[in-house]
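Visitor: So here's data22.csv (CSV, C-alpha atoms and all ligand atoms).
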chain,number,residue,atom,x,y,z
T,1,MET,CA,0.0,0.0,0.0
T,2,TYR,CA,1.2,3.5,-0.8
T,3,THR,CA,1.0,5.2,2.6
T,4,ILE,CA,1.4,8.9,3.3
T,5,LYS,CA,4.6,8.0,5.1
T,6,LYS,CA,6.0,6.4,2.0
T,7,PHE,CA,4.8,9.4,-0.1
T,8,LEU,CA,6.6,11.9,2.2
T,9,LYS,CA,9.7,9.8,2.3
T,10,ASN,CA,9.8,9.7,-1.5
T,11,MET,CA,9.3,13.4,-1.7
T,12,VAL,CA,12.1,14.1,0.8
T,13,SER,CA,14.5,11.8,-1.1
T,14,THR,CA,13.5,13.5,-4.5
T,15,ASN,CA,14.1,16.9,-3.0
T,16,SER,CA,17.4,15.9,-1.4
T,17,SER,CA,18.6,14.5,-4.7
T,18,PHE,CA,17.8,17.8,-6.3
T,19,ASN,CA,19.6,19.6,-3.5
T,20,GLU,CA,22.6,17.4,-4.1
T,21,LYS,CA,22.5,18.1,-7.8
T,22,ARG,CA,22.2,21.8,-7.2
T,23,GLU,CA,25.2,21.8,-4.8
T,24,ARG,CA,27.2,19.9,-7.4
T,25,MET,CA,26.1,22.4,-10.0
T,26,VAL,CA,27.4,25.3,-7.8
T,27,ARG,CA,30.7,23.6,-7.3
T,28,ALA,CA,31.4,22.3,-10.8
T,29,GLN,CA,29.8,24.9,-13.0
T,30,LEU,CA,30.1,28.1,-10.9
T,31,ILE,CA,32.9,28.0,-8.3
T,32,ALA,CA,35.2,26.0,-10.7
T,33,ARG,CA,34.8,28.9,-13.2
T,34,ASP,CA,34.8,32.5,-12.0
T,35,ILE,CA,31.6,33.0,-9.9
T,36,VAL,CA,32.9,34.3,-6.5
T,37,ASP,CA,30.0,36.5,-5.3
T,38,LYS,CA,28.8,34.8,-2.1
T,39,GLU,CA,25.2,36.0,-2.4
T,40,VAL,CA,25.0,34.7,-6.0
T,41,LEU,CA,26.4,31.3,-5.0
T,42,ARG,CA,24.0,31.1,-2.0
T,43,ALA,CA,21.0,32.0,-4.3
T,44,MET,CA,22.1,29.5,-6.9
T,45,ALA,CA,22.4,26.8,-4.3
T,46,LYS,CA,18.9,27.6,-3.0
T,47,VAL,CA,16.5,28.4,-5.9
T,48,PRO,CA,15.1,25.1,-7.4
T,49,ARG,CA,15.8,25.4,-11.1
T,50,HIS,CA,13.8,22.3,-11.9
T,51,GLU,CA,10.6,24.0,-10.6
T,52,PHE,CA,10.8,26.4,-13.5
T,53,LEU,CA,11.0,23.7,-16.1
T,54,PRO,CA,8.5,21.2,-17.6
T,55,ALA,CA,8.5,18.0,-15.6
T,56,ASP,CA,10.0,15.9,-18.4
T,57,LEU,CA,13.2,18.0,-18.2
T,58,TRP,CA,13.6,17.8,-14.4
T,59,ASP,CA,16.4,15.2,-14.7
T,60,ARG,CA,18.4,17.7,-16.8
T,61,ALA,CA,17.6,20.7,-14.7
T,62,TYR,CA,21.1,21.0,-13.1
T,63,ASP,CA,23.1,20.2,-16.3
T,64,ASP,CA,25.5,22.8,-17.7
T,65,THR,CA,23.2,23.9,-20.5
T,66,PRO,CA,20.3,26.1,-21.5
T,67,LEU,CA,16.9,24.3,-21.8
T,68,PRO,CA,13.7,24.9,-23.7
T,69,ILE,CA,10.6,26.3,-21.9
T,70,GLU,CA,7.2,27.1,-23.5
T,71,GLU,CA,6.7,29.3,-26.6
T,72,MET,CA,10.1,28.5,-28.1
T,73,GLN,CA,11.9,30.4,-25.4
T,74,THR,CA,14.8,29.1,-23.2
T,75,ILE,CA,15.9,29.1,-19.6
T,76,SER,CA,19.6,30.2,-19.8
T,77,GLN,CA,22.5,28.0,-18.7
T,78,PRO,CA,23.1,28.2,-14.9
T,79,TYR,CA,26.6,29.7,-15.4
T,80,ILE,CA,25.3,32.5,-17.6
T,81,VAL,CA,22.5,33.4,-15.2
T,82,ALA,CA,25.0,33.5,-12.3
T,83,TYR,CA,27.5,35.5,-14.4
T,84,MET,CA,24.9,38.1,-15.4
T,85,ILE,CA,23.7,38.6,-11.8
T,86,GLN,CA,27.3,38.8,-10.5
T,87,ALA,CA,28.2,41.3,-13.3
T,88,LEU,CA,25.3,43.5,-12.1
T,89,SER,CA,27.1,44.2,-8.7
T,90,ILE,CA,23.8,44.7,-6.8
T,91,LYS,CA,24.1,46.9,-3.8
T,92,LYS,CA,21.5,47.4,-1.0
T,93,GLY,CA,18.7,49.7,-2.0
T,94,ASP,CA,19.5,49.4,-5.8
T,95,ARG,CA,16.5,49.5,-8.1
T,96,ILE,CA,16.8,46.4,-10.4
T,97,LEU,CA,15.0,45.8,-13.6
T,98,GLU,CA,14.9,42.5,-15.6
T,99,VAL,CA,13.7,42.5,-19.2
T,100,GLY,CA,12.6,39.0,-20.2
T,101,THR,CA,11.1,37.2,-17.2
T,102,GLY,CA,10.7,33.9,-19.2
T,103,SER,CA,10.4,31.0,-16.7
T,104,GLY,CA,11.0,33.3,-13.8
T,105,TYR,CA,14.1,31.5,-12.7
T,106,GLN,CA,16.4,34.4,-12.9
T,107,THR,CA,13.7,36.7,-11.3
T,108,ALA,CA,13.6,34.3,-8.3
T,109,LEU,CA,17.4,34.4,-8.0
T,110,LEU,CA,17.4,38.2,-8.1
T,111,ALA,CA,14.6,38.2,-5.5
T,112,GLU,CA,16.5,35.8,-3.3
T,113,ILE,CA,19.4,38.3,-3.2
T,114,HIS,CA,17.6,41.6,-3.4
T,115,GLU,CA,14.5,43.0,-1.6
T,116,LYS,CA,12.7,44.4,-4.7
T,117,VAL,CA,12.9,43.3,-8.4
T,118,TYR,CA,11.0,44.7,-11.3
T,119,THR,CA,10.6,42.4,-14.3
T,120,VAL,CA,9.0,42.8,-17.7
T,121,GLU,CA,7.8,40.0,-20.0
T,122,VAL,CA,6.2,40.5,-23.4
T,123,ARG,CA,4.6,37.0,-23.6
T,124,ALA,CA,1.5,37.1,-21.3
T,125,GLN,CA,1.2,33.3,-20.8
T,126,LEU,CA,4.9,32.9,-19.8
T,127,ALA,CA,4.5,35.9,-17.5
T,128,HIS,CA,1.5,34.4,-15.7
T,129,LYS,CA,3.2,31.0,-15.3
T,130,ALA,CA,6.4,32.6,-14.0
T,131,MET,CA,4.5,34.7,-11.5
T,132,ALA,CA,2.6,31.7,-10.2
T,133,LYS,CA,5.8,29.9,-9.6
T,134,ILE,CA,7.4,33.0,-8.0
T,135,ASN,CA,4.4,33.3,-5.6
T,136,GLU,CA,4.5,29.5,-4.9
T,137,LEU,CA,8.2,29.8,-3.9
T,138,GLY,CA,7.5,32.7,-1.6
T,139,TYR,CA,9.1,35.5,-3.6
T,140,GLY,CA,5.9,37.3,-4.6
T,141,ASP,CA,6.3,40.3,-2.3
T,142,ARG,CA,9.7,41.1,-3.7
T,143,VAL,CA,8.7,40.9,-7.4
T,144,LYS,CA,6.7,43.3,-9.5
T,145,LEU,CA,5.9,41.9,-12.9
T,146,HIS,CA,4.8,44.0,-15.8
T,147,ILE,CA,3.4,42.4,-19.0
T,148,ALA,CA,4.6,44.6,-21.8
T,149,ASP,CA,7.4,45.2,-24.4
T,150,GLY,CA,10.4,45.7,-22.2
T,151,SER,CA,12.5,47.2,-24.9
T,152,VAL,CA,10.9,50.4,-23.9
T,153,GLY,CA,11.9,49.7,-20.3
T,154,TYR,CA,9.5,50.3,-17.3
T,155,GLU,CA,9.1,54.1,-17.2
T,156,GLU,CA,6.8,54.2,-14.2
T,157,GLU,CA,9.4,52.6,-11.9
T,158,ALA,CA,12.6,54.2,-13.4
T,159,PRO,CA,15.4,55.0,-12.8
T,160,PHE,CA,17.2,51.7,-12.3
T,161,ASP,CA,20.7,51.1,-10.9
T,162,GLY,CA,20.8,47.7,-12.6
T,163,ILE,CA,19.2,46.4,-15.8
T,164,ILE,CA,19.5,42.8,-16.9
T,165,VAL,CA,18.2,41.9,-20.4
T,166,THR,CA,17.8,38.2,-21.2
T,167,ALA,CA,17.1,38.6,-24.9
T,168,ALA,CA,19.4,39.8,-27.7
T,169,THR,CA,19.2,42.9,-29.7
T,170,PHE,CA,21.5,44.8,-32.2
T,171,ASP,CA,21.8,47.9,-30.1
T,172,ILE,CA,21.0,48.9,-26.5
T,173,PRO,CA,17.4,50.3,-26.6
T,174,GLU,CA,17.4,54.0,-26.0
T,175,PRO,CA,14.6,54.0,-23.3
T,176,LEU,CA,16.7,51.5,-21.3
T,177,ILE,CA,19.7,53.9,-21.4
T,178,LYS,CA,17.5,56.8,-20.4
T,179,GLN,CA,16.0,54.8,-17.5
T,180,LEU,CA,19.5,53.9,-16.2
T,181,ALA,CA,20.6,55.9,-13.1
T,182,GLU,CA,24.0,57.6,-12.9
T,183,LYS,CA,26.6,54.8,-12.2
T,184,GLY,CA,23.9,52.3,-13.2
T,185,ARG,CA,24.8,49.0,-15.0
T,186,ILE,CA,23.1,47.3,-17.9
T,187,ILE,CA,23.9,43.7,-18.9
T,188,ILE,CA,22.7,42.9,-22.3
T,189,PRO,CA,23.4,40.4,-25.2
T,190,ILE,CA,24.2,42.4,-28.4
T,191,GLY,CA,23.9,40.8,-31.8
T,192,GLY,CA,21.7,38.7,-34.2
T,193,THR,CA,20.8,35.0,-34.3
T,194,ASP,CA,24.3,33.9,-35.4
T,195,ALA,CA,26.7,35.8,-33.1
T,196,GLN,CA,26.2,37.8,-29.9
T,197,THR,CA,28.4,39.4,-27.3
T,198,LEU,CA,27.3,39.9,-23.7
T,199,VAL,CA,28.0,43.5,-22.9
T,200,ARG,CA,28.1,45.4,-19.6
T,201,ALA,CA,27.6,49.2,-20.0
T,202,THR,CA,27.9,51.6,-17.0
T,203,LYS,CA,26.5,55.1,-17.1
T,204,VAL,CA,29.1,57.6,-16.2
T,205,LYS,CA,28.3,61.3,-16.4
T,206,GLY,CA,25.4,60.5,-18.6
T,207,LYS,CA,27.5,58.4,-21.1
T,208,LEU,CA,27.7,54.7,-21.4
T,209,ILE,CA,31.1,52.9,-20.9
T,210,LYS,CA,30.9,49.5,-22.6
T,211,GLU,CA,32.8,46.3,-21.8
T,212,GLU,CA,32.5,43.2,-23.9
T,213,LEU,CA,32.2,40.2,-21.6
T,214,PHE,CA,32.0,37.1,-23.8
T,215,GLN,CA,30.3,35.4,-26.7
T,216,CYS,CA,26.8,34.1,-25.9
T,217,MET,CA,23.5,33.0,-27.6
T,218,PHE,CA,20.1,34.4,-26.5
T,219,VAL,CA,16.6,34.4,-28.1
T,220,PRO,CA,15.9,37.7,-29.8
T,221,LEU,CA,14.4,40.7,-28.0
T,222,VAL,CA,11.0,41.4,-29.5
T,223,ARG,CA,10.7,45.0,-30.7
T,224,GLN,CA,7.0,45.7,-31.1
T,225,GLU,CA,7.5,49.1,-32.9
T,226,PHE,CA,9.4,47.2,-35.7
T,227,GLU,CA,7.1,44.2,-35.8
T,228,ASN,CA,4.0,46.4,-36.2
T,229,ASN,CA,5.5,48.1,-39.3
T,301,LIG,N1,15.7,34.9,-17.6
T,301,LIG,C1,14.9,33.9,-18.3
T,301,LIG,C2,15.3,33.7,-19.7
T,301,LIG,C3,14.2,34.0,-20.6
T,301,LIG,S1,14.4,33.9,-22.3
T,301,LIG,C4,14.8,32.7,-17.5
T,301,LIG,O1,15.5,32.5,-16.5
T,301,LIG,O2,14.0,31.8,-17.8
T,301,LIG,C5,14.0,35.5,-22.8
T,301,LIG,C6,12.7,36.0,-22.5
T,301,LIG,O3,12.6,37.4,-23.0
T,301,LIG,C7,11.5,35.3,-23.2
T,301,LIG,O4,10.6,34.9,-22.2
T,301,LIG,C8,10.9,36.3,-24.1
T,301,LIG,O5,9.5,36.2,-24.2
T,301,LIG,C9,11.3,37.6,-23.4
T,301,LIG,N2,11.2,38.8,-24.3
T,301,LIG,C10,11.6,38.9,-25.6
T,301,LIG,N3,11.5,40.1,-26.0
T,301,LIG,C11,11.0,40.8,-25.0
T,301,LIG,C12,10.6,42.2,-24.8
T,301,LIG,N4,10.7,43.1,-25.8
T,301,LIG,N5,10.1,42.6,-23.6
T,301,LIG,C13,10.0,41.7,-22.6
T,301,LIG,N6,10.3,40.4,-22.7
T,301,LIG,C14,10.8,40.0,-23.9
Please express the file's structure as structure tokens.
Guide:
Amino acid sequence: MYTIKKFLKNMVSTNSSFNEKRERMVRAQLIARDIVDKEVLRAMAKVPRHEFLPADLWDRAYDDTPLPIEEMQTISQPYIVAYMIQALSIKKGDRILEVGTGSGYQTALLAEIHEKVYTVEVRAQLAHKAMAKINELGYGDRVKLHIADGSVGYEEEAPFDGIIVTAATFDIPEPLIKQLAEKGRIIIPIGGTDAQTLVRATKVKGKLIKEELFQCMFVPLVRQEFENN
């Protein structure tokens, strides 16, 4: 007979195997590379990546790879997510904007580290699903989700000290530059579907100072003003 006791035991062992895989992921994929930010490592060890994936991908949830989610979008490779958050250098009291909520995984990590996170997703269905998961995991109070084209930023909540964009575009959208505070950082993949570079730009005296971080591959940023033409 399948008793409640057995069910709970199973659940605990499933969770502890995910915990182990997550710890291994942190050691082998993050610490072994160049992720040193203690808060980023703590969040990566805590937030359950599998919960943001369809159940048939749970056994690959802690692999060193991006994975597909609904609507032909992807959840980024754990290392890239950790790298982007580390590159943002979040400080207490910073206003943080994420463009491209997707599964909500990166949003949850940001909320684990920081008290308030603004996130914009253009695909309503993905946004609702992500927010349900964020609420279920207890991060709801820390996250404000806006369903809209994030290439125009989030004017009502600007300025931001950190902006993280999880979809690629050929140039940094002007509204995002405008909504960046002085000394604010934006992390954004720049390029087309064949070659992209992850860029960090910092606003100094109103001008952007750009650094190229590394080659990457993200889904394209939807620009509604172009698509409608
Ligand atoms: N950080 C996400 C990765 C999402 S993939 C995660 O951890 O799962 C990129 C996301 O950007 C997709 O969900 C896509 O719908 C969204 N996106 C693309 N263009 C956008 C735009 N203009 N505004 C807001 N979101 C956009």
Visitor: What residues of the protein or nucleic acid chains come within 8 Å of ligand LIG 301 (chain T) when you use only C-alpha atoms and all ligand atoms? Reply as a ChimeraX atom specification.
Guide: /T:52,69,71,73-76,81,98-107,120-123,126-127,147-152,165-167,218-224
Visitor: With distances taken over all atoms listed in the file, which of T:Glu51, T:Glu211, T:Glu155, T:Asp94 is nearest to T:Glu136?
Guide: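 Once distances to T:Glu136 are computed over all atoms listed in the file, the minimum belongs to T:Glu51.
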Visitor: Can you measure atom CA of T:Lys92 to atom CA of T:Pro175 for me? One decimal in Å is fine.
Guide: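 For atom CA of T:Lys92 relative to atom CA of T:Pro175, the distance reads 24.3 Å.
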Visitor: If I take atom CA of T:Ala181 and atom CA of T:Ala168, how far is one from the other in Å, to one decimal?
Guide: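 It comes out at 21.8 Å.
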Visitor: For the point (12.2, 37.1, -1.8) in the file's frame, write as a list of chain:residue names all residues with an atom no more than 8 Å away, counting all atoms listed in the file.
Guide: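 Every polymer residue passing the test: T:Ala108, T:Ala111, T:Glu112, T:Ile113, T:His114, T:Glu115, T:Lys116, T:Gly138, T:Tyr139, T:Gly140, T:Asp141, T:Arg142, T:Val143.
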Visitor: Excluding T:Leu208 and any residue of its chain fewer than 2 positions from it, enumerate the residues within 12 Å of it, using only C-alpha atoms, and give them as a PyMOL selection string.
Guide: chain T and resi 172+174+176-178+180-187+199-206+210-211
Visitor: So the first atom is atom CA of T:Met131 and the second is atom CA of T:Asp59; what is the distance between them in Å, to one decimal place?
Guide: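 Separation of atom CA of T:Met131 and atom CA of T:Asp59: 23.1 Å.
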Visitor: So which residues touch T:Met217 within 10 Å, counting only C-alpha atoms, skipping near sequence neighbours fewer than 5 positions away, as a PyMOL selection string?
Guide: chain T and resi 66+76+167-168+189-198
Visitor: Point out the residue among T:Ala130, T:Ala158, T:Ile35, T:Met44 with the least atom-to-atom distance to T:Glu70, counting only C-alpha atoms.
Guide: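 Smallest separation from T:Glu70 among the options: T:Ala130.
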Visitor: With a distance cut-off of 8 Å and all atoms listed in the file, select the neighbouring residues of T:Met25, excluding the residue or stretch itself and same-chain residues fewer than 5 positions from it, and output the selection as a ChimeraX atom specification.
Guide: /T:30,62-64
Visitor: Of the candidates T:Ala45, T:Leu213, T:Ala55, T:Ile80, which shows the shortest atom-to-atom distance to T:Glu20, using all atoms listed in the file?
Guide: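 Distance minimum relative to T:Glu20 lands on T:Ala45.
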Visitor: Calculated over all atoms listed in the file, which of the candidates T:Leu110, T:Ile188, T:Ala43, T:Val26 has the smallest distance to T:Pro173?
Guide: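 Answer, going by the shortest atom-to-atom distance: T:Ile188.
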Visitor: Here is a test: counting only C-alpha atoms, which residue of T:Leu137, T:Val40, T:Ala124, T:Ile209 is nearest to T:Ile85?
Guide: T:Val40
Visitor: Closest to T:Gly153 among T:Gln215, T:Gln77, T:Thr65, T:Gln179, using all atoms listed in the file?
Guide: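 Among the listed residues, the smallest separation from T:Gly153 belongs to T:Gln179.
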